[in-house]
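Trainee: One file: upload.cif (mmCIF, C-alpha atoms).
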data_start
#
loop_
_atom_site.label_atom_id
_atom_site.label_comp_id
_atom_site.auth_asym_id
_atom_site.auth_seq_id
_atom_site.Cartn_x
_atom_site.Cartn_y
_atom_site.Cartn_z
CA GLY A 220 -9.95 -9.73 31.38
CA ASP A 221 -6.82 -10.22 29.34
CA SER A 222 -5.34 -7.13 27.68
CA VAL A 223 -2.17 -5.67 26.20
CA THR A 224 -0.83 -2.13 26.39
CA GLN A 225 1.99 -1.07 24.12
CA MET A 226 3.93 2.08 23.54
CA GLU A 227 2.17 4.70 21.46
CA GLY A 228 3.80 5.64 18.21
CA PRO A 229 4.95 6.68 15.85
CA VAL A 230 8.59 5.95 16.50
CA THR A 231 11.13 7.49 14.13
CA LEU A 232 14.78 6.41 14.22
CA SER A 233 17.91 6.74 12.15
CA GLU A 234 19.46 3.63 10.68
CA GLU A 235 21.64 1.70 13.18
CA ALA A 236 19.87 3.25 16.18
CA PHE A 237 18.70 1.14 19.14
CA LEU A 238 15.01 0.27 19.27
CA THR A 239 12.77 -0.40 22.25
CA ILE A 240 9.01 -0.76 22.05
CA ASN A 241 7.40 -1.27 25.43
CA CYS A 242 4.64 -3.79 26.01
CA THR A 243 2.85 -4.73 29.23
CA TYR A 244 0.03 -7.18 29.72
CA THR A 245 -2.76 -8.22 32.04
CA ALA A 246 -3.76 -11.87 32.09
CA THR A 247 -5.58 -14.23 34.42
CA GLY A 248 -3.92 -17.44 33.27
CA TYR A 249 -0.49 -18.36 31.91
CA PRO A 250 -0.36 -16.59 28.57
CA SER A 251 1.94 -16.95 25.64
CA LEU A 252 3.32 -13.64 24.37
CA PHE A 253 4.00 -12.58 20.79
CA TRP A 254 5.30 -9.79 18.63
CA TYR A 255 3.81 -9.55 15.17
CA VAL A 256 4.94 -7.23 12.36
CA GLN A 257 2.79 -5.75 9.60
CA TYR A 258 4.19 -4.23 6.43
CA PRO A 259 2.01 -1.80 4.44
CA GLY A 260 -1.03 -3.44 2.88
CA GLU A 261 -0.17 -6.89 4.19
CA GLY A 262 -1.26 -9.30 6.88
CA LEU A 263 0.58 -9.93 10.13
CA GLN A 264 3.76 -11.98 10.34
CA LEU A 265 4.93 -13.60 13.55
CA LEU A 266 8.20 -11.97 14.56
CA LEU A 267 8.91 -13.81 17.81
CA LYS A 268 7.23 -15.51 20.73
CA ALA A 269 7.72 -16.67 24.31
CA THR A 270 5.55 -19.24 26.02
CA LYS A 271 6.65 -19.06 29.66
CA ALA A 272 8.25 -16.74 32.17
CA ASP A 273 11.91 -15.83 31.54
CA ASP A 274 11.81 -17.18 27.98
CA LYS A 275 13.53 -14.97 25.43
CA GLY A 276 12.12 -14.87 21.92
CA SER A 277 14.44 -13.76 19.14
CA ASN A 278 14.37 -13.42 15.37
CA LYS A 279 16.10 -11.24 12.74
CA GLY A 280 18.01 -9.34 15.44
CA PHE A 281 14.87 -8.57 17.47
CA GLU A 282 14.54 -9.85 21.03
CA ALA A 283 11.94 -9.81 23.80
CA THR A 284 11.98 -11.42 27.25
CA TYR A 285 8.87 -12.65 29.05
CA ARG A 286 9.01 -10.92 32.45
CA LYS A 287 6.29 -12.21 34.72
CA GLU A 288 7.31 -10.04 37.67
CA THR A 289 6.79 -6.85 35.66
CA THR A 290 4.16 -8.34 33.28
CA SER A 291 6.19 -7.06 30.35
CA PHE A 292 7.45 -8.22 26.96
CA HIS A 293 9.43 -5.30 25.54
CA LEU A 294 10.75 -5.54 21.98
CA GLU A 295 14.39 -4.55 21.35
CA LYS A 296 16.81 -4.40 18.45
CA GLY A 297 20.35 -3.18 18.68
CA SER A 298 20.67 -1.68 15.21
CA VAL A 299 17.60 -0.99 13.09
CA GLN A 300 17.54 -0.93 9.29
CA VAL A 301 15.32 0.94 6.84
CA SER A 302 13.70 -2.41 6.02
CA ASP A 303 12.45 -2.68 9.63
CA SER A 304 9.96 0.13 8.98
CA ALA A 305 6.55 -1.38 9.74
CA VAL A 306 3.84 -1.57 12.39
CA TYR A 307 4.64 -3.79 15.37
CA PHE A 308 1.94 -5.45 17.47
CA CYS A 309 2.35 -7.01 20.88
CA ALA A 310 -0.16 -9.77 21.61
CA LEU A 311 -1.02 -12.48 24.10
CA SER A 312 -3.05 -15.64 24.06
CA ASP A 313 -4.01 -18.26 26.58
CA PRO A 314 -3.25 -21.48 24.69
CA ARG A 315 -4.97 -23.77 27.21
CA GLY A 316 -7.87 -21.61 28.27
CA SER A 317 -11.46 -21.44 27.23
CA THR A 318 -10.73 -18.64 24.79
CA LEU A 319 -9.32 -21.15 22.30
CA GLY A 320 -6.04 -19.41 21.68
CA ARG A 321 -7.55 -16.13 20.53
CA LEU A 322 -5.13 -13.22 20.47
CA TYR A 323 -5.43 -9.99 22.44
CA PHE A 324 -3.58 -7.20 20.65
CA GLY A 325 -2.05 -3.91 21.59
CA ARG A 326 -2.85 -0.95 19.34
CA GLY A 327 0.35 -1.26 17.33
CA THR A 328 3.43 0.94 17.08
CA GLN A 329 4.43 2.46 13.75
CA LEU A 330 8.22 2.39 13.28
CA THR A 331 9.90 4.48 10.60
CA VAL A 332 13.65 4.17 10.04
CA TRP A 333 15.46 6.83 8.00
CA PRO A 334 18.70 6.16 6.15
CA ASP B 1391 3.42 -24.01 -0.13
CA GLY B 1392 1.19 -24.13 2.94
CA GLY B 1393 -0.56 -21.02 4.01
CA ILE B 1394 -3.73 -19.02 4.43
CA THR B 1395 -5.38 -17.52 1.38
CA GLN B 1396 -7.83 -14.67 1.63
CA SER B 1397 -9.78 -13.45 -1.33
CA PRO B 1398 -10.39 -11.01 -2.77
CA LYS B 1399 -7.63 -8.60 -1.73
CA TYR B 1400 -9.87 -5.58 -2.38
CA LEU B 1401 -13.66 -5.55 -2.23
CA PHE B 1402 -16.15 -2.81 -2.83
CA ARG B 1403 -19.74 -3.06 -1.65
CA LYS B 1404 -22.76 -0.85 -1.93
CA GLU B 1405 -24.60 0.03 1.22
CA GLY B 1406 -27.31 -2.46 2.04
CA GLN B 1407 -25.61 -5.42 0.38
CA ASN B 1408 -24.22 -8.52 2.02
CA VAL B 1409 -20.73 -9.62 1.03
CA THR B 1410 -18.72 -12.76 1.79
CA LEU B 1411 -14.96 -12.81 2.39
CA SER B 1412 -13.16 -16.05 1.70
CA CYS B 1413 -10.52 -17.66 3.92
CA GLU B 1414 -8.90 -20.99 3.06
CA GLN B 1415 -5.98 -22.70 4.80
CA ASN B 1416 -3.99 -25.77 3.80
CA LEU B 1417 -2.00 -25.98 7.03
CA ASN B 1418 -4.33 -28.57 8.57
CA HIS B 1419 -4.88 -26.12 11.43
CA ASP B 1420 -7.72 -26.76 13.85
CA ALA B 1421 -8.70 -23.24 14.90
CA MET B 1422 -9.56 -20.32 12.65
CA TYR B 1423 -10.24 -16.68 13.46
CA TRP B 1424 -11.50 -13.47 11.89
CA TYR B 1425 -10.14 -10.11 13.02
CA ARG B 1426 -11.02 -6.60 11.99
CA GLN B 1427 -8.40 -3.84 11.79
CA ASP B 1428 -9.18 -0.14 11.73
CA PRO B 1429 -6.58 2.64 11.31
CA GLY B 1430 -4.66 3.33 14.50
CA GLN B 1431 -6.26 0.45 16.36
CA GLY B 1432 -5.24 -3.04 17.21
CA LEU B 1433 -7.05 -6.03 15.84
CA ARG B 1434 -10.46 -6.91 17.21
CA LEU B 1435 -11.86 -10.43 17.17
CA ILE B 1436 -15.07 -11.01 15.21
CA TYR B 1437 -15.58 -14.79 15.32
CA TYR B 1438 -13.50 -17.87 15.99
CA SER B 1439 -13.84 -21.60 15.50
CA GLN B 1440 -12.00 -24.54 17.00
CA ILE B 1441 -13.67 -27.39 15.14
CA VAL B 1442 -15.86 -27.97 12.13
CA ASN B 1443 -19.50 -26.94 12.58
CA ASP B 1444 -18.75 -24.99 15.73
CA PHE B 1445 -17.86 -21.31 16.21
CA GLN B 1446 -18.08 -18.61 18.86
CA LYS B 1447 -18.69 -14.87 18.80
CA GLY B 1448 -15.79 -12.61 19.47
CA ASP B 1449 -15.85 -9.05 20.74
CA ILE B 1450 -17.54 -7.41 17.74
CA ALA B 1451 -19.74 -10.11 16.14
CA GLU B 1452 -22.79 -7.92 15.52
CA GLY B 1453 -23.51 -7.57 11.82
CA TYR B 1454 -21.29 -10.52 10.85
CA SER B 1455 -21.88 -14.22 10.30
CA VAL B 1456 -19.59 -17.21 9.68
CA SER B 1457 -19.71 -20.89 8.85
CA ARG B 1458 -17.24 -23.74 9.34
CA GLU B 1459 -18.45 -26.59 7.15
CA LYS B 1460 -14.94 -27.74 6.28
CA LYS B 1461 -11.77 -27.69 8.37
CA GLU B 1462 -9.88 -25.66 5.78
CA SER B 1463 -12.50 -22.98 5.15
CA PHE B 1464 -13.95 -20.22 7.34
CA PRO B 1465 -15.87 -17.64 5.26
CA LEU B 1466 -17.05 -14.39 6.81
CA THR B 1467 -20.24 -12.64 5.68
CA VAL B 1468 -20.55 -8.94 6.33
CA THR B 1469 -24.26 -8.23 6.43
CA SER B 1470 -26.16 -5.03 5.83
CA ALA B 1471 -26.68 -4.85 9.60
CA GLN B 1472 -23.01 -4.01 10.12
CA LYS B 1473 -23.10 -0.24 10.57
CA ASN B 1474 -19.52 0.59 9.69
CA PRO B 1475 -18.08 -2.25 7.59
CA THR B 1476 -15.24 -0.40 5.85
CA ALA B 1477 -12.09 -1.96 7.32
CA PHE B 1478 -9.22 -4.37 6.75
CA TYR B 1479 -10.22 -7.96 7.56
CA LEU B 1480 -7.68 -10.56 8.58
CA CYS B 1481 -8.15 -14.31 8.82
CA ALA B 1482 -5.86 -16.44 10.97
CA SER B 1483 -5.43 -20.08 11.98
CA SER B 1484 -3.59 -22.06 14.61
CA LEU B 1485 -2.78 -25.67 15.33
CA ARG B 1486 -3.74 -27.69 18.38
CA ALA B 1487 -0.76 -29.68 19.64
CA GLY B 1488 -0.44 -31.40 22.99
CA GLY B 1489 -3.66 -29.85 24.24
CA MET B 1490 -2.49 -26.33 23.45
CA LEU B 1491 -3.08 -23.96 20.59
CA THR B 1492 0.09 -22.75 18.90
CA GLU B 1493 0.81 -19.32 17.48
CA ALA B 1494 -1.58 -17.94 14.89
CA PHE B 1495 -0.67 -17.49 11.24
CA PHE B 1496 -2.37 -14.78 9.22
CA GLY B 1497 -3.57 -14.34 5.68
CA GLN B 1498 -2.81 -11.25 3.59
CA GLY B 1499 -6.10 -9.60 4.39
CA THR B 1500 -9.11 -8.24 2.51
CA ARG B 1501 -9.74 -4.52 2.37
CA LEU B 1502 -13.47 -3.89 2.26
CA THR B 1503 -14.80 -0.51 1.23
CA VAL B 1504 -18.46 0.42 1.32
CA VAL B 1505 -19.39 2.90 -1.39
#
Reformat the file's structure so that it appears as structure tokens.
Mentor:
Amino acid sequence: GDSVTQMEGPVTLSEEAFLTINCTYTATGYPSLFWYVQYPGEGLQLLLKATKADDKGSNKGFEATYRKETTSFHLEKGSVQVSDSAVYFCALSDPRGSTLGRLYFGRGTQLTVWP
Amino acid sequence: DGGITQSPKYLFRKEGQNVTLSCEQNLNHDAMYWYRQDPGQGLRLIYYSQIVNDFQKGDIAEGYSVSREKKESFPLTVTSAQKNPTAFYLCASSLRAGGMLTEAFFGQGTRLTVV
């Protein structure tokens, strides 16, 4: 079945450091891939998405490229800020399949950025 | 502003009692979902619904029930049969466009504590 594996946390960085959070997936169809972010005590916010192979999603300085050959969707940011501290979730869905667009999530990666 | 509203934000329940969590959306989205989040884990799907008066069990439906009598509303009842109900519950919705389901948008969550 469909599944997502993402890098275990926590990740602790200094401000302006480079961030990578690894994410790989297993899917039977042609999934869409997402990164969601969760701030303490809140729901999930969509950070970026990619709907087909080689697409690059980007938002707020974060980027991720849909790599079908390596079944990966790694999240990167060139220079993190204290305000980026949150939990990041990689997820996939099959938008056309019988699973009605449900999301399959990784376990989440806690990011803490120190000034 | 369009969005998904979950209420209440915090909920306390005595063991043996049923409790209903509210989820309302004014985005005119077709599909709605309930996820459960436990510390250190990803989100797990409880129930989902694509159209009014129809819904499907997710991965952890035991001890939960839902209804979808209106397009904008998808309440979740946590019954006394749910053995470990203390968790953070997240409602989400997505739009069907061109035969596909788009990315999911999330509410702010309800934290349920059994006392």
Trainee: Find the residues of chain A in contact range of chain B, meaning any atom within 9 Å when counting only C-alpha atoms, and list them as a ChimeraX atom specification.
Mentor: /A:251,253,260-265,268,308,312-316,319-328
Trainee: Can I get the selected residues back with C-alpha atoms, as a PDB file, in the coordinates of the input?
Mentor:
ATOM      1  CA  SER A 251       1.940 -16.950  25.640  1.00  0.00           C
ATOM      2  CA  PHE A 253       4.000 -12.580  20.790  1.00  0.00           C
ATOM      3  CA  GLY A 260      -1.030  -3.440   2.880  1.00  0.00           C
ATOM      4  CA  GLU A 261      -0.170  -6.890   4.190  1.00  0.00           C
ATOM      5  CA  GLY A 262      -1.260  -9.300   6.880  1.00  0.00           C
ATOM      6  CA  LEU A 263       0.580  -9.930  10.130  1.00  0.00           C
ATOM      7  CA  GLN A 264       3.760 -11.980  10.340  1.00  0.00           C
ATOM      8  CA  LEU A 265       4.930 -13.600  13.550  1.00  0.00           C
ATOM      9  CA  LYS A 268       7.230 -15.510  20.730  1.00  0.00           C
ATOM     10  CA  PHE A 308       1.940  -5.450  17.470  1.00  0.00           C
ATOM     11  CA  SER A 312      -3.050 -15.640  24.060  1.00  0.00           C
ATOM     12  CA  ASP A 313      -4.010 -18.260  26.580  1.00  0.00           C
ATOM     13  CA  PRO A 314      -3.250 -21.480  24.690  1.00  0.00           C
ATOM     14  CA  ARG A 315      -4.970 -23.770  27.210  1.00  0.00           C
ATOM     15  CA  GLY A 316      -7.870 -21.610  28.270  1.00  0.00           C
ATOM     16  CA  LEU A 319      -9.320 -21.150  22.300  1.00  0.00           C
ATOM     17  CA  GLY A 320      -6.040 -19.410  21.680  1.00  0.00           C
ATOM     18  CA  ARG A 321      -7.550 -16.130  20.530  1.00  0.00           C
ATOM     19  CA  LEU A 322      -5.130 -13.220  20.470  1.00  0.00           C
ATOM     20  CA  TYR A 323      -5.430  -9.990  22.440  1.00  0.00           C
ATOM     21  CA  PHE A 324      -3.580  -7.200  20.650  1.00  0.00           C
ATOM     22  CA  GLY A 325      -2.050  -3.910  21.590  1.00  0.00           C
ATOM     23  CA  ARG A 326      -2.850  -0.950  19.340  1.00  0.00           C
ATOM     24  CA  GLY A 327       0.350  -1.260  17.330  1.00  0.00           C
ATOM     25  CA  THR A 328       3.430   0.940  17.080  1.00  0.00           C
TER      26      THR A 328
END
Trainee: Around the point (12.2, -10.2, 27.0) (coordinates from the file), which residues reach within 9 Å if we count all atoms listed in the file? Answer as a compact mmCIF listing (two decimals) with C-alpha atoms, in the frame of the given file.
Mentor:
# COMPACT_ATOMS: atom_id res chain seq x y z
CA ALA A 269 7.72 -16.67 24.31
CA ASP A 273 11.91 -15.83 31.54
CA ASP A 274 11.81 -17.18 27.98
CA LYS A 275 13.53 -14.97 25.43
CA GLY A 276 12.12 -14.87 21.92
CA SER A 277 14.44 -13.76 19.14
CA GLU A 282 14.54 -9.85 21.03
CA ALA A 283 11.94 -9.81 23.80
CA THR A 284 11.98 -11.42 27.25
CA TYR A 285 8.87 -12.65 29.05
CA ARG A 286 9.01 -10.92 32.45
CA SER A 291 6.19 -7.06 30.35
CA PHE A 292 7.45 -8.22 26.96
CA HIS A 293 9.43 -5.30 25.54
CA LEU A 294 10.75 -5.54 21.98
CA GLU A 295 14.39 -4.55 21.35
Trainee: Would you work out the distance separating atom CA of A:Glu235 from atom CA of A:Ser304, expressed in Å to one decimal?
Mentor: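 Rounded to one decimal, the two atoms are 12.5 Å apart.
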Trainee: Which distance in Å separates atom CA of B:Ile1441 and atom CA of B:Lys1460, to one decimal?
Mentor: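 Value for the atom CA of B:Ile1441-atom CA of B:Lys1460 distance: 9.0 Å.
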Trainee: Applying 6 Å and all atoms listed in the file, which residues near stretch 1408-1416 of chain B remain after dropping the ones on its own chain fewer than 6 positions away? List them as a PyMOL selection string.
Mentor: chain B and resi 1392-1397+1462-1470
Trainee: So how many Å separate atom CA of A:Ala236 and atom CA of A:Gly297, to one decimal?
Mentor: 6.9 Å
Trainee: Have a look at A:Gly220, A:Ser233, A:Phe281, A:Thr245 and name the one nearest to A:Gln300; count all atoms listed in the file.
Mentor: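 Closest to A:Gln300 of all the choices is A:Ser233.
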Trainee: Reconstruct stretch 285-296 of chain A at the level of N, CA, C and O atoms, and format the result as a compact mmCIF listing (two decimals), in the frame of the given file.
Mentor:
# COMPACT_ATOMS: atom_id res chain seq x y z
N TYR A 285 10.13 -12.50 28.31
CA TYR A 285 8.87 -12.65 29.05
C TYR A 285 9.17 -12.42 30.53
O TYR A 285 9.76 -13.27 31.19
N ARG A 286 8.76 -11.28 31.05
CA ARG A 286 9.01 -10.92 32.45
C ARG A 286 7.70 -10.98 33.22
O ARG A 286 6.88 -10.07 33.14
N LYS A 287 7.54 -12.05 33.98
CA LYS A 287 6.29 -12.21 34.72
C LYS A 287 6.20 -11.22 35.88
O LYS A 287 5.13 -10.71 36.21
N GLU A 288 7.34 -10.91 36.50
CA GLU A 288 7.31 -10.04 37.67
C GLU A 288 6.89 -8.62 37.32
O GLU A 288 6.31 -7.92 38.15
N THR A 289 7.19 -8.19 36.10
CA THR A 289 6.79 -6.85 35.66
C THR A 289 5.69 -6.91 34.60
O THR A 289 5.30 -5.87 34.06
N THR A 290 5.17 -8.09 34.33
CA THR A 290 4.16 -8.34 33.28
C THR A 290 4.51 -7.57 32.01
O THR A 290 3.70 -6.80 31.47
N SER A 291 5.73 -7.80 31.51
CA SER A 291 6.19 -7.06 30.35
C SER A 291 6.81 -7.97 29.31
O SER A 291 7.23 -9.11 29.62
N PHE A 292 6.87 -7.47 28.09
CA PHE A 292 7.45 -8.22 26.96
C PHE A 292 7.96 -7.18 25.95
O PHE A 292 7.49 -7.07 24.84
N HIS A 293 8.93 -6.41 26.35
CA HIS A 293 9.43 -5.30 25.54
C HIS A 293 10.25 -5.79 24.35
O HIS A 293 11.11 -6.67 24.51
N LEU A 294 10.03 -5.18 23.20
CA LEU A 294 10.75 -5.54 21.98
C LEU A 294 11.99 -4.67 21.83
O LEU A 294 11.90 -3.45 22.00
N GLU A 295 13.14 -5.29 21.51
CA GLU A 295 14.39 -4.55 21.35
C GLU A 295 15.13 -5.03 20.12
O GLU A 295 15.04 -6.18 19.72
N LYS A 296 15.87 -4.07 19.53
CA LYS A 296 16.81 -4.40 18.45
C LYS A 296 17.99 -3.44 18.56
O LYS A 296 17.79 -2.24 18.69
